[in-house]
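Remarks on the structure that follows.
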There are 2 protein chains.
Amino acid sequence: MISKILVPTDGSNAAQKAARYAVDLAKKLKASVIALSVIDNRSFVSQTVPAGKTSRHLIEPIEDYLREAAEAYAVEIKKLCDKNGVRSKIVITSGHPVEDIVKEAARAKVNLIIMGSHGKSALAAAVLGSVTYGVIHKETKIPVLIVRRG
Amino acid sequence: MISKILVPTDGSNAAQKAARYAVDLAKKLKASVIALSVIDNRSFVSQTVPAGKTSRHLIEPIEDYLREAAEAYAVEIKKLCDKNGVRSKIVITSGHPVEDIVKEAARAKVNLIIMGSHGKSALAAAVLGSVTYGVIHKETKIPVLIVRRG
């Protein structure tokens, strides 16, 4: 019944904790894992005003840096899967984290999304991070398992 | 790692769907299930104003009715567990659903809570029911798996 698990990551402690939980569960269920890392394009697009004057030479290095980081987060999960004999795949996208998580979950027909309660950008005081909050509140039919920080 | 799963139920379709999901998962993981049914005491206490004039002879039949219903919901999950060779236990409490779910999860030291996205009293338009919303937003360290309606 659970044969494919989506594990979004932003490299945060909570995401790493969720990834360990997901790999453990996948191992027990003989399920495969998709490690998804979304390059949050709001982090550079939103800071380029006015749009007409956007300097590509300023944005490209930021994009490259974010892409490298995103890949590294996903590779970390892939390594954990390899170590545990769990089949896995890496997906890197560039866009809005909530939208891309829900889109990838549908596209890959996963049976479960496992994610941390808080991502990197979450306020310490918030009970849920905005990406997790967003995914839970999306009209998706896919079950979501939230691993708490702590 | 997942050895004990808490499955709260209010008898709604979403709760039944979550229970089937939980029993399947418990079977695969050789985990046990606690079927929790909370008699929501707000449903009769809140309608007795003024408190001093509460007529016991009016409240008791409602309490009895709610208790019977609560037991029936939990028994249904226990039967499903028995059919699948999953060890299970029934817990019935009377109080506030969110508080009682979180309290029982801590008391029984479960590793996972599996619940439906919507309970019986949820508005059709809401993305999450108030009890599920409440449990997710509680400061608990226990992972929560939300099974969507539909």
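Residue numbering restarts at 1 for every chain of the structure tokens, chains are lettered A, B, ... in their displayed order, and ligands are numbered from 1 as they appear.
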Q: Enumerate as JSON, numbers by chain the residues belonging to chain B that approach chain A to within 9 Å, with only C-alpha atoms taken into account.
A: {"B": [1, 2, 21, 24, 25, 28, 29, 114, 117, 127, 128, 136, 137, 138, 139, 140, 141, 142, 143, 144, 145, 146, 147, 148, 149, 150]}
(Q) I need the residues of chain B that end up classed as strand (DSSP E or B) by DSSP on the backbone, written out as an MDAnalysis selection string. (A) chainID B and resid 4:9 32:40 88:95 112:116 144:147
Mind writing the picked residues with C-alpha atoms as a compact mmCIF listing (two decimals), in the first residue's frame?
```txt
# COMPACT_ATOMS: atom_id res chain seq x y z
CA LYS B 4 2.40 1.54 18.61
CA ILE B 5 -0.09 3.63 16.61
CA LEU B 6 -2.86 5.79 18.06
CA VAL B 7 -6.00 5.93 15.93
CA PRO B 8 -8.57 8.46 17.17
CA THR B 9 -12.06 7.97 15.81
CA SER B 32 -0.12 -2.50 17.74
CA VAL B 33 -3.06 -0.10 17.57
CA ILE B 34 -4.85 1.94 20.22
CA ALA B 35 -8.34 2.87 19.07
CA LEU B 36 -9.31 6.05 20.92
CA SER B 37 -12.84 7.37 21.03
CA VAL B 38 -13.43 10.62 22.89
CA ILE B 39 -16.87 11.48 24.18
CA ASP B 40 -16.89 15.17 23.38
CA SER B 88 -5.17 -3.64 19.63
CA LYS B 89 -6.69 -1.92 22.62
CA ILE B 90 -9.69 0.34 23.08
CA VAL B 91 -9.56 3.56 25.07
CA ILE B 92 -12.68 5.64 25.74
CA THR B 93 -12.38 9.03 27.38
CA SER B 94 -14.73 11.91 28.07
CA GLY B 95 -13.41 15.40 27.47
CA LEU B 112 2.58 7.72 15.54
CA ILE B 113 -0.93 9.21 15.42
CA ILE B 114 -2.95 8.40 12.30
CA MET B 115 -6.13 10.40 11.80
CA GLY B 116 -8.51 11.60 9.13
CA VAL B 144 1.06 12.71 12.92
CA LEU B 145 -0.09 11.07 9.69
CA ILE B 146 -3.12 12.72 8.10
CA VAL B 147 -5.29 10.63 5.79
```
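Interatomic distance, CA of Ala69 (chain B) to CA of Val86 (chain B): 23.0 Å.
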